[in-house]
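Engineer: File upload-v7.cif follows (mmCIF, C-alpha atoms):
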data_protein
#
loop_
_atom_site.label_atom_id
_atom_site.label_comp_id
_atom_site.auth_asym_id
_atom_site.auth_seq_id
_atom_site.Cartn_x
_atom_site.Cartn_y
_atom_site.Cartn_z
CA MET A 1189 0.00 0.00 0.00
CA ILE A 1190 2.74 2.41 0.95
CA ASN A 1191 4.70 1.72 -2.22
CA GLU A 1192 1.57 2.10 -4.32
CA TYR A 1193 0.78 5.39 -2.60
CA ARG A 1194 4.30 6.65 -3.23
CA ALA A 1195 4.09 5.66 -6.86
CA ASN A 1196 0.80 7.51 -7.34
CA LEU A 1197 2.16 10.56 -5.53
CA ALA A 1198 5.24 10.56 -7.75
CA LYS A 1199 3.04 10.41 -10.85
CA ILE A 1200 0.90 13.29 -9.61
CA THR A 1201 3.93 15.36 -8.59
CA GLY A 1202 5.70 14.65 -11.87
CA CYS A 1203 2.64 15.65 -13.84
CA TYR A 1204 2.28 18.82 -11.78
CA ASN A 1205 5.94 19.72 -12.23
CA ALA A 1206 5.71 19.12 -15.94
CA LYS A 1207 2.70 21.40 -16.19
CA MET A 1208 4.48 24.05 -14.11
CA ARG A 1209 7.59 23.84 -16.29
CA SER A 1210 5.40 24.19 -19.35
CA ARG A 1211 3.62 27.23 -17.89
CA VAL A 1212 6.91 28.84 -16.87
CA MET A 1213 8.34 28.16 -20.31
CA TRP A 1214 5.33 29.72 -22.04
CA PHE A 1215 5.40 32.65 -19.59
CA VAL A 1216 9.08 33.33 -20.31
CA LEU A 1217 8.47 32.90 -24.01
CA GLY A 1218 5.58 35.35 -23.80
CA ILE A 1219 7.79 37.91 -22.06
CA LEU A 1220 10.49 37.51 -24.70
CA LEU A 1221 7.98 37.87 -27.55
CA THR A 1222 6.43 40.92 -25.91
CA ALA A 1223 9.87 42.47 -25.46
CA LEU A 1224 10.73 41.81 -29.09
CA ILE A 1225 7.45 43.36 -30.23
CA ILE A 1226 8.03 46.43 -28.04
CA VAL A 1227 11.60 46.81 -29.33
CA GLY A 1228 10.40 46.36 -32.90
CA VAL A 1229 7.59 48.89 -32.54
CA TYR A 1230 9.99 51.33 -30.83
CA GLN A 1231 12.18 51.25 -33.94
CA ILE A 1232 9.35 52.66 -36.05
CA PRO A 1233 10.50 56.28 -36.63
CA PHE A 1234 7.23 57.94 -35.60
CA VAL A 1235 6.94 55.84 -32.43
CA LYS A 1236 10.58 56.38 -31.48
CA ASP A 1237 10.29 60.11 -32.12
CA GLN A 1238 7.30 60.35 -29.79
CA LEU A 1239 8.58 58.03 -27.05
CA GLU A 1240 12.31 58.76 -26.93
CA TRP A 1241 12.08 62.23 -25.43
CA ARG A 1242 9.37 61.17 -22.98
CA LEU A 1243 11.53 58.31 -21.71
CA ASP A 1244 14.48 60.68 -21.48
CA ALA A 1245 12.42 63.20 -19.54
CA ALA A 1246 11.13 60.50 -17.20
CA GLY A 1247 14.69 59.31 -16.63
CA GLY A 1248 15.72 62.86 -15.75
CA ILE A 1249 12.93 63.12 -13.20
CA VAL A 1250 13.94 59.80 -11.62
CA ARG A 1251 17.58 60.87 -11.45
CA GLY A 1252 16.49 64.11 -9.82
CA LEU A 1253 14.61 62.17 -7.15
CA ILE A 1254 17.60 59.89 -6.53
CA TYR A 1255 20.12 62.76 -6.49
CA PRO A 1256 18.18 65.78 -5.21
CA GLY A 1257 19.63 69.23 -4.74
CA ASN A 1258 19.50 72.66 -6.34
CA THR A 1259 23.23 73.38 -6.50
CA LEU A 1260 26.45 71.63 -7.45
CA PRO A 1261 28.62 70.26 -4.66
CA VAL A 1262 31.67 72.14 -3.42
CA PRO A 1263 34.76 70.07 -4.31
CA SER A 1264 36.64 68.61 -1.36
CA GLY A 1265 39.81 70.46 -2.30
CA ALA A 1266 38.11 73.85 -2.46
CA GLU A 1267 38.48 74.75 1.21
CA ALA A 1268 42.24 75.11 1.09
CA ALA A 1269 42.27 76.78 -2.32
CA ALA A 1270 39.46 79.32 -1.91
CA ILE A 1271 40.33 82.99 -1.89
CA PRO A 1272 38.59 85.64 0.20
CA PRO A 1273 35.82 87.46 -1.66
CA THR A 1274 37.73 90.71 -1.23
CA SER A 1275 40.80 89.32 -3.00
CA VAL A 1276 40.16 89.62 -6.72
CA PRO A 1277 42.96 88.90 -9.23
CA SER A 1278 44.01 91.85 -11.34
CA SER A 1279 42.95 91.72 -14.96
CA THR A 1280 46.57 92.41 -15.88
CA LEU A 1281 48.38 89.24 -16.93
CA GLU A 1282 50.98 87.93 -14.50
CA GLY A 1283 54.40 89.42 -15.16
CA GLU A 1284 52.99 91.88 -17.67
CA GLU A 1285 53.95 95.54 -17.51
CA THR A 1286 51.18 97.99 -18.14
CA SER A 1287 51.32 101.10 -20.22
CA VAL A 1288 48.69 103.63 -21.07
CA GLU A 1289 48.28 104.68 -24.67
CA VAL A 1290 46.29 107.84 -25.24
CA LEU A 1291 44.11 107.43 -28.29
CA PRO A 1292 41.99 110.02 -30.03
CA THR A 1293 38.35 109.97 -28.99
CA LEU A 1294 36.13 108.56 -31.72
CA THR A 1295 32.51 109.52 -32.01
CA PRO A 1296 30.50 106.40 -32.84
CA THR A 1297 27.85 106.59 -35.49
CA PRO A 1298 24.47 106.74 -33.75
CA LEU A 1299 22.37 103.62 -34.20
CA PRO A 1300 18.72 103.79 -35.25
CA SER A 1301 16.37 103.66 -32.29
CA ILE A 1302 14.29 100.89 -33.88
CA VAL A 1303 15.47 98.11 -36.21
CA SER A 1304 13.51 95.05 -37.28
CA LEU A 1305 15.08 92.54 -39.66
CA GLU A 1306 12.88 90.25 -41.68
CA SER A 1307 12.05 87.26 -39.50
CA PRO A 1308 13.54 84.03 -40.90
CA GLU A 1309 11.42 80.92 -41.29
CA TRP A 1310 10.84 79.72 -37.73
CA GLU A 1311 11.55 76.13 -36.72
CA LYS A 1312 10.30 74.39 -33.58
CA GLN A 1313 13.20 72.80 -31.76
CA ASP A 1314 13.43 69.09 -31.22
CA TRP A 1315 14.08 67.68 -27.73
CA ASN A 1316 17.27 69.23 -26.25
CA ASN A 1317 17.96 70.94 -29.58
CA CYS A 1318 17.71 74.69 -29.01
CA GLY A 1319 21.31 75.34 -30.18
CA PRO A 1320 21.02 73.67 -33.60
CA ALA A 1321 17.45 74.95 -34.08
CA THR A 1322 18.36 78.54 -33.22
CA LEU A 1323 21.38 78.50 -35.50
CA ALA A 1324 19.33 76.96 -38.30
CA ILE A 1325 16.77 79.77 -38.03
CA GLY A 1326 19.58 82.32 -38.20
CA LEU A 1327 21.32 80.74 -41.18
CA LYS A 1328 18.03 80.70 -43.08
CA TYR A 1329 18.10 84.48 -42.93
CA PHE A 1330 20.96 84.32 -45.44
CA GLY A 1331 19.29 81.69 -47.64
CA TRP A 1332 20.74 78.52 -46.16
CA ASP A 1333 18.46 75.60 -46.98
CA GLY A 1334 19.25 73.18 -44.12
CA ASP A 1335 17.42 72.62 -40.85
CA GLN A 1336 18.24 71.88 -37.22
CA TYR A 1337 18.92 68.21 -38.00
CA SER A 1338 21.56 69.17 -40.55
CA ILE A 1339 23.40 70.70 -37.59
CA SER A 1340 22.56 68.28 -34.79
CA ASP A 1341 23.58 65.26 -36.89
CA LEU A 1342 27.13 66.57 -36.61
CA VAL A 1343 27.34 68.29 -33.23
CA LYS A 1344 24.87 66.22 -31.14
CA PRO A 1345 23.63 63.07 -32.92
CA ASP A 1346 22.14 61.73 -29.65
CA ARG A 1347 18.86 63.46 -28.75
CA GLY A 1348 19.63 62.83 -25.08
CA ASP A 1349 22.70 65.07 -25.28
CA ARG A 1350 21.42 68.20 -23.60
CA ASN A 1351 24.02 70.74 -24.67
CA VAL A 1352 25.75 72.19 -27.71
CA ASN A 1353 28.62 74.60 -27.03
CA ILE A 1354 28.82 77.90 -28.83
CA ASP A 1355 32.17 76.94 -30.36
CA GLU A 1356 30.55 73.79 -31.79
CA LEU A 1357 27.99 75.99 -33.56
CA VAL A 1358 30.82 78.14 -34.91
CA TYR A 1359 32.58 74.98 -36.12
CA PHE A 1360 29.48 73.88 -38.00
CA VAL A 1361 29.07 77.18 -39.81
CA ASN A 1362 32.73 77.42 -40.80
CA ASN A 1363 32.92 73.83 -42.01
CA ARG A 1364 29.46 72.85 -43.22
CA ALA A 1365 27.51 76.00 -44.09
CA GLY A 1366 29.12 76.77 -47.43
CA TRP A 1367 29.53 80.47 -48.05
CA LEU A 1368 28.87 81.54 -44.46
CA THR A 1369 31.43 82.44 -41.77
CA ALA A 1370 30.97 82.60 -37.99
CA ASP A 1371 32.84 83.53 -34.84
CA TYR A 1372 32.02 84.40 -31.25
CA ARG A 1373 33.14 86.73 -28.50
CA VAL A 1374 32.40 87.15 -24.80
CA ASN A 1375 31.67 90.19 -22.67
CA GLY A 1376 29.00 91.39 -25.04
CA THR A 1377 26.97 94.52 -24.50
CA ILE A 1378 23.51 95.62 -25.52
CA ASP A 1379 25.09 98.12 -27.92
CA ILE A 1380 27.21 95.45 -29.63
CA LEU A 1381 24.13 93.30 -30.20
CA LYS A 1382 22.28 96.30 -31.56
CA GLY A 1383 25.25 97.14 -33.78
CA PHE A 1384 25.06 93.79 -35.55
CA ILE A 1385 21.30 93.98 -35.96
CA ALA A 1386 21.44 97.57 -37.26
CA ALA A 1387 24.02 96.46 -39.82
CA GLY A 1388 21.65 93.74 -41.03
CA TYR A 1389 23.07 90.71 -39.23
CA PRO A 1390 21.12 88.61 -36.69
CA VAL A 1391 23.10 87.48 -33.66
CA VAL A 1392 22.82 84.44 -31.36
CA VAL A 1393 23.10 84.63 -27.56
CA GLU A 1394 22.91 82.01 -24.83
CA LYS A 1395 21.17 82.93 -21.61
CA GLY A 1396 19.90 81.41 -18.41
CA TYR A 1397 16.24 81.17 -17.44
CA ILE A 1398 14.18 79.48 -14.74
CA ILE A 1399 12.10 76.36 -15.41
CA GLU A 1400 8.93 76.66 -13.38
CA SER A 1401 8.02 73.20 -12.10
CA ASP A 1402 7.05 71.39 -8.93
CA GLY A 1403 9.29 68.46 -9.85
CA PRO A 1404 13.05 67.85 -9.63
CA ASP A 1405 13.53 69.34 -13.12
CA ALA A 1406 12.75 72.83 -11.80
CA GLY A 1407 15.33 75.56 -11.62
CA TRP A 1408 17.94 77.28 -13.74
CA ALA A 1409 18.74 76.15 -17.29
CA GLY A 1410 20.36 77.53 -20.44
CA HIS A 1411 18.72 78.47 -23.75
CA TYR A 1412 19.79 80.00 -27.07
CA LEU A 1413 18.00 82.92 -28.72
CA LEU A 1414 18.35 84.56 -32.14
CA LEU A 1415 18.02 88.34 -32.00
CA THR A 1416 16.58 89.96 -35.13
CA GLY A 1417 15.40 93.37 -33.96
CA TYR A 1418 15.36 95.93 -31.17
CA ASP A 1419 13.39 98.92 -29.96
CA ASP A 1420 15.12 101.51 -27.80
CA ASN A 1421 11.82 103.19 -26.96
CA GLU A 1422 10.62 99.99 -25.27
CA ALA A 1423 14.14 98.83 -24.31
CA LEU A 1424 13.64 95.39 -25.81
CA PHE A 1425 14.90 92.94 -28.42
CA ILE A 1426 12.89 90.88 -30.87
CA ALA A 1427 13.99 87.26 -30.45
CA GLN A 1428 13.34 84.10 -32.42
CA ASP A 1429 12.83 81.52 -29.68
CA SER A 1430 12.97 77.95 -30.98
CA PHE A 1431 10.94 76.69 -28.00
CA ILE A 1432 8.30 79.39 -27.45
CA GLY A 1433 7.85 80.84 -30.93
CA PRO A 1434 8.91 83.57 -33.36
CA ASP A 1435 9.17 87.31 -32.69
CA GLN A 1436 9.27 87.20 -28.89
CA GLU A 1437 9.92 90.39 -26.94
CA VAL A 1438 12.82 90.27 -24.47
CA THR A 1439 13.73 93.39 -22.50
CA TYR A 1440 17.32 94.56 -22.40
CA ALA A 1441 17.38 94.05 -18.64
CA ALA A 1442 15.97 90.51 -18.78
CA LEU A 1443 18.36 89.51 -21.53
CA ASP A 1444 21.42 90.77 -19.69
CA GLU A 1445 20.34 89.18 -16.41
CA GLY A 1446 20.25 85.74 -18.02
CA TRP A 1447 23.09 86.37 -20.47
CA ARG A 1448 25.75 87.15 -17.88
CA ALA A 1449 25.64 83.54 -16.62
CA PHE A 1450 27.27 82.63 -19.95
CA ASN A 1451 29.98 85.31 -19.79
CA ARG A 1452 27.78 87.34 -22.17
CA ALA A 1453 28.90 85.22 -25.13
CA TYR A 1454 27.45 85.94 -28.56
CA LEU A 1455 27.78 84.30 -31.96
CA TYR A 1456 27.78 86.33 -35.15
CA PHE A 1457 27.72 84.97 -38.70
CA TYR A 1458 27.65 86.43 -42.18
CA PRO A 1459 28.23 85.67 -45.87
CA ALA A 1460 31.98 85.47 -46.45
CA ASP A 1461 31.70 87.83 -49.42
CA ARG A 1462 29.59 90.35 -47.48
CA PRO A 1463 31.09 90.76 -44.01
CA PRO A 1464 29.89 93.40 -41.58
CA ASP A 1465 32.15 96.20 -40.39
CA LEU A 1466 33.48 94.09 -37.54
CA GLU A 1467 35.99 96.69 -36.41
CA GLY A 1468 33.29 99.33 -36.30
CA ILE A 1469 30.90 97.09 -34.35
CA LEU A 1470 33.37 95.34 -32.04
CA GLY A 1471 36.15 97.89 -31.62
CA ASP A 1472 38.90 96.42 -29.43
CA ASP A 1473 36.82 93.29 -28.88
CA LEU A 1474 37.69 92.21 -32.42
CA ASP A 1475 41.02 91.08 -30.92
CA PRO A 1476 40.25 87.90 -28.90
CA GLU A 1477 42.92 88.63 -26.26
CA LYS A 1478 41.75 92.20 -25.73
CA ASN A 1479 38.21 90.89 -25.61
CA ARG A 1480 39.15 88.54 -22.76
CA GLU A 1481 41.12 91.22 -20.94
CA ARG A 1482 38.06 93.45 -20.97
CA ALA A 1483 35.90 90.51 -19.85
CA LEU A 1484 38.27 89.98 -16.91
CA GLU A 1485 37.86 93.59 -15.91
CA VAL A 1486 34.06 93.38 -16.09
CA ALA A 1487 34.03 90.22 -13.95
CA ARG A 1488 36.32 91.88 -11.41
CA THR A 1489 34.10 94.95 -11.28
CA GLU A 1490 30.96 92.84 -10.81
CA ILE A 1491 32.60 90.90 -7.96
CA GLU A 1492 33.57 94.15 -6.26
CA ALA A 1493 29.93 95.24 -6.54
CA ASP A 1494 28.60 91.91 -5.23
CA ALA A 1495 31.07 89.40 -3.79
CA ASP A 1496 28.26 86.82 -3.46
CA ASP A 1497 27.54 86.69 -7.19
CA PRO A 1498 28.45 83.13 -8.32
CA PHE A 1499 28.14 83.97 -12.02
CA ALA A 1500 30.64 86.82 -11.73
CA TRP A 1501 33.12 84.50 -10.00
CA PHE A 1502 32.58 81.83 -12.65
CA ASN A 1503 33.10 84.36 -15.45
CA LEU A 1504 36.30 85.46 -13.74
CA GLY A 1505 37.50 81.85 -13.76
CA THR A 1506 36.48 81.34 -17.39
CA ASN A 1507 38.39 84.40 -18.56
CA LEU A 1508 41.46 83.56 -16.46
CA LEU A 1509 41.38 80.11 -18.05
CA PHE A 1510 41.70 81.70 -21.48
CA PHE A 1511 45.12 83.02 -20.41
CA GLU A 1512 46.07 79.66 -18.82
CA ARG A 1513 46.12 81.18 -15.34
CA TYR A 1514 44.98 77.88 -13.87
CA ARG A 1515 45.61 78.51 -10.17
CA GLU A 1516 43.66 81.77 -10.13
CA ALA A 1517 40.94 80.25 -12.31
CA ALA A 1518 40.58 77.29 -9.94
CA ASN A 1519 40.27 79.68 -7.01
CA ALA A 1520 37.57 81.65 -8.80
CA PHE A 1521 35.62 78.49 -9.64
CA ASP A 1522 35.92 77.39 -6.00
CA SER A 1523 34.37 80.67 -4.91
CA ALA A 1524 31.52 80.30 -7.43
CA LEU A 1525 30.78 76.77 -6.21
CA GLU A 1526 30.97 77.75 -2.56
CA ILE A 1527 28.44 80.54 -3.12
CA GLY A 1528 26.24 78.13 -5.08
CA LEU A 1529 25.92 77.27 -8.79
CA PRO A 1530 22.75 75.69 -10.26
CA TRP A 1531 22.99 71.92 -10.65
CA ARG A 1532 22.75 72.16 -14.43
CA PHE A 1533 25.68 74.57 -14.74
CA THR A 1534 28.41 72.08 -15.63
CA ARG A 1535 26.11 70.66 -18.26
CA TYR A 1536 26.93 73.81 -20.23
CA GLN A 1537 30.31 75.08 -19.01
CA PHE A 1538 33.38 73.03 -18.14
CA GLY A 1539 36.03 75.46 -16.93
CA PRO A 1540 36.37 73.93 -13.43
CA TYR A 1541 37.37 70.56 -14.90
CA ILE A 1542 40.21 72.14 -16.88
CA ALA A 1543 41.45 74.38 -14.06
CA TYR A 1544 41.34 71.63 -11.42
CA PHE A 1545 43.05 69.15 -13.74
CA HIS A 1546 45.93 71.55 -14.39
CA GLN A 1547 46.23 72.15 -10.65
CA GLY A 1548 46.54 68.43 -9.91
CA ARG A 1549 43.10 68.26 -8.30
CA GLU A 1550 41.99 65.09 -10.06
CA GLU A 1551 39.68 63.97 -7.24
CA ASP A 1552 37.81 67.27 -7.51
CA VAL A 1553 37.41 66.77 -11.27
CA ILE A 1554 35.93 63.32 -10.65
CA GLU A 1555 33.68 64.54 -7.83
CA LEU A 1556 32.24 67.36 -9.92
CA ALA A 1557 31.87 65.18 -13.02
CA ASP A 1558 30.08 62.50 -10.99
CA ALA A 1559 27.62 65.09 -9.66
CA THR A 1560 26.98 66.33 -13.20
CA LEU A 1561 26.52 62.87 -14.69
CA HIS A 1562 24.15 61.80 -11.90
CA ARG A 1563 21.65 64.34 -13.20
CA THR A 1564 22.79 64.72 -16.84
CA SER A 1565 23.76 61.22 -17.91
CA LYS A 1566 24.80 62.12 -21.46
CA ALA A 1567 27.25 64.96 -20.77
CA GLU A 1568 30.20 63.90 -22.91
CA GLU A 1569 32.43 66.74 -21.72
CA SER A 1570 32.08 65.56 -18.13
CA MET A 1571 32.92 62.03 -19.24
CA LEU A 1572 35.99 63.30 -21.06
CA TRP A 1573 37.47 65.21 -18.12
CA ARG A 1574 36.63 62.48 -15.63
CA GLY A 1575 38.47 60.15 -17.97
CA TRP A 1576 41.55 62.36 -18.00
CA ALA A 1577 41.47 62.60 -14.19
CA ARG A 1578 41.23 58.83 -13.90
CA TYR A 1579 44.10 58.43 -16.34
CA ARG A 1580 46.34 60.68 -14.26
CA LEU A 1581 45.41 58.72 -11.13
CA GLY A 1582 46.45 55.50 -12.85
CA ASP A 1583 42.96 54.14 -13.59
CA ILE A 1584 43.59 53.44 -17.28
CA ASN A 1585 40.60 51.16 -17.72
CA GLY A 1586 38.30 53.72 -16.10
CA ALA A 1587 39.69 56.41 -18.38
CA ILE A 1588 39.10 54.29 -21.48
CA GLU A 1589 35.53 53.56 -20.36
CA ASP A 1590 34.84 57.29 -19.97
CA PHE A 1591 36.36 58.21 -23.34
CA GLN A 1592 34.40 55.45 -25.07
CA ALA A 1593 31.20 56.51 -23.28
CA ALA A 1594 31.74 60.08 -24.52
CA LEU A 1595 32.02 58.78 -28.08
CA THR A 1596 28.88 56.71 -27.62
CA VAL A 1597 27.01 59.94 -26.91
CA ASN A 1598 28.76 61.83 -29.71
CA PRO A 1599 30.83 59.77 -32.18
CA ASN A 1600 32.03 63.06 -33.72
CA TYR A 1601 33.57 64.33 -30.46
CA LEU A 1602 37.14 65.09 -31.55
CA ASP A 1603 38.52 65.50 -28.02
CA ALA A 1604 37.38 61.99 -27.05
CA GLN A 1605 38.76 60.58 -30.29
CA TYR A 1606 42.11 62.17 -29.48
CA ALA A 1607 42.03 60.83 -25.92
CA LEU A 1608 41.60 57.24 -27.07
CA SER A 1609 44.24 57.71 -29.74
CA TYR A 1610 46.60 59.06 -27.06
CA LEU A 1611 46.08 55.86 -25.07
CA GLY A 1612 46.54 53.75 -28.18
CA VAL A 1613 42.94 52.54 -28.15
CA GLY A 1614 40.50 52.55 -31.05
CA GLY A 1615 37.09 54.24 -30.64
#
Turn the structure described in the file into structure tokens.
Structural biologist:
Amino acid sequence: MINEYRANLAKITGCYNAKMRSRVMWFVLGILLTALIIVGVYQIPFVKDQLEWRLDAAGGIVRGLIYPGNTLPVPSGAEAAAIPPTSVPSSTLEGEETSVEVLPTLTPTPLPSIVSLESPEWEKQDWNNCGPATLAIGLKYFGWDGDQYSISDLVKPDRGDRNVNIDELVYFVNNRAGWLTADYRVNGTIDILKGFIAAGYPVVVEKGYIIESDGPDAGWAGHYLLLTGYDDNEALFIAQDSFIGPDQEVTYAALDEGWRAFNRAYLYFYPADRPPDLEGILGDDLDPEKNRERALEVARTEIEADADDPFAWFNLGTNLLFFERYREAANAFDSALEIGLPWRFTRYQFGPYIAYFHQGREEDVIELADATLHRTSKAEESMLWRGWARYRLGDINGAIEDFQAALTVNPNYLDAQYALSYLGVGG
């Protein structure tokens, strides 16, 4: 009886297990088929276009919840390096003797009080694509027949890449836009912007603004604008905004308040056979070194007026970096971070990485890059400089991983290509 019972139980158990294995197999197979269908549907261009940015946005919100905070961290090495707010480096280059040259006073030609250029064909920006879209709108003013994707395919082929630098936009124009030429300067003024517009040339600026939101994506961010007109009577510019719409009014005061976070950089472009009177518009700022010297002086003056202005300290560091004054630049960046910089800031500007690296502060480079990449996962510049810091610390494999990750985001990133070549590794 016992043996018969055991035999029956074994049959029942075996049958049950077989059914369970079959169910599990079909369940797993169903999951795999569903996954394949989802992946296949996602590859349909329309579906991918609609879902990709939503998934990216959702990922950003999740990262914000995991790594909360409104400002970037202060690097561990900043305490010893920071300089008192009252100690501001002179704008005179180290070891340089100064001399004063008395020049005749020139009377500038008065600008019209109102200028409105013909608005180019407006283009709504794609996700994270205000730089290419804004430039595309501007180039259309001169008859260029491309669009924002003509630009982003080169400078940011990954839609999740949230930044295009102003020098990347200049590179595109000078290498891919045929008969057009571009350059940029810093330390711009309202009058310089007006000078270009009055001469018939739109100009691009990058400025900060505040994202109004109850979620972790709230706060300060950067955005490009194309300026195509101005009105002195109302003290405002006419801007082509690739996100909001064409012909937006932006007051002089509002523009400058957001613009100064980007060292008041501006991009100008023109047909190579029909250049503007650059010397007349820019004056001494036509010379890049003089332009930076003047920018140093403006940053110094703004710090003296408000020693708790993080943007002024950051601009000071950026302009010192131009002259390879790494120690002073690092000190200025320390001060900016101690006062408090928005968490998105190193998504757009990378001066602290360069200054800290040249000062042997590799751990600070890694710490700041980690904080940036926690919230902005596809910041290839942060990957690049973290890679160089790891290389100097002897972590060759970590460096290679960072350089390759940077190229995954942007296969056209020349600095990352060079880094791998320097290590003898293919991309």
Engineer: Nearest to His1546 of chain A: which of A:Ala1321, A:Asn1353, A:Trp1576, A:Phe1360 is it, counting all atoms listed in the file?
Structural biologist: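 Smallest separation from His1546 of chain A among the options: A:Trp1576.
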Engineer: Give me the residues near segment 1367-1374 of chain A as a ChimeraX atom specification, where near means some atom within 10 Å (using all atoms listed in the file) and where sequence neighbours in that chain fewer than 6 positions away do not count.
Structural biologist: /A:1327,1330,1332,1354-1355,1357-1361,1391-1393,1448,1450-1463,1470,1473-1476,1479-1480,1482-1483,1503,1507
Engineer: Which residues fall under the PyMOL selection byres ((chain A and resi 1547) around 10) in this file, as a list of chain:residue names?
Structural biologist: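 So the PyMOL selection byres ((chain A and resi 1547) around 10) ends up selecting A:Tyr1514, A:Arg1515, A:Glu1516, A:Ala1517, A:Ala1518, A:Tyr1541, A:Ile1542, A:Ala1543, A:Tyr1544, A:Phe1545, A:His1546, A:Gly1548, A:Arg1549, A:Glu1550.
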Engineer: What do you get, as a ChimeraX atom specification, if you spell out every residue that the PyMOL selection byres ((chain A and resi 1604-1615) around 10) selects here?
Structural biologist: /A:1568-1569,1571-1573,1575-1576,1579,1584,1587-1596,1598-1603
Engineer: Compare A:Arg1347, A:Arg1488, A:Arg1364, A:His1562 by their minimum atom-to-atom distance to Ala1520 of chain A, counting all atoms listed in the file, and give me the closest one.
Structural biologist: A:Arg1488
Engineer: On this structure, which residues satisfy the PyMOL selection byres ((chain A and resi 1523-1534) around 7), written as number ranges by chain?
Structural biologist: A: 1258-1260, 1262, 1270, 1408-1409, 1496, 1498-1499, 1501-1502, 1519-1522, 1535-1538, 1560
Engineer: Report, in Å to a single decimal, how far apart atom CA of Ile1469 of chain A and atom CA of Asn1375 of chain A are.
Structural biologist: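 Computing it gives 13.6 Å between the two atoms.
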Engineer: Which neighbours of Pro1464 of chain A fall inside 8 Å, counting all atoms listed in the file, when residues of the same chain fewer than 3 positions from it are skipped, and could you give them as number ranges by chain?
Structural biologist: A: 1384, 1387, 1389, 1458
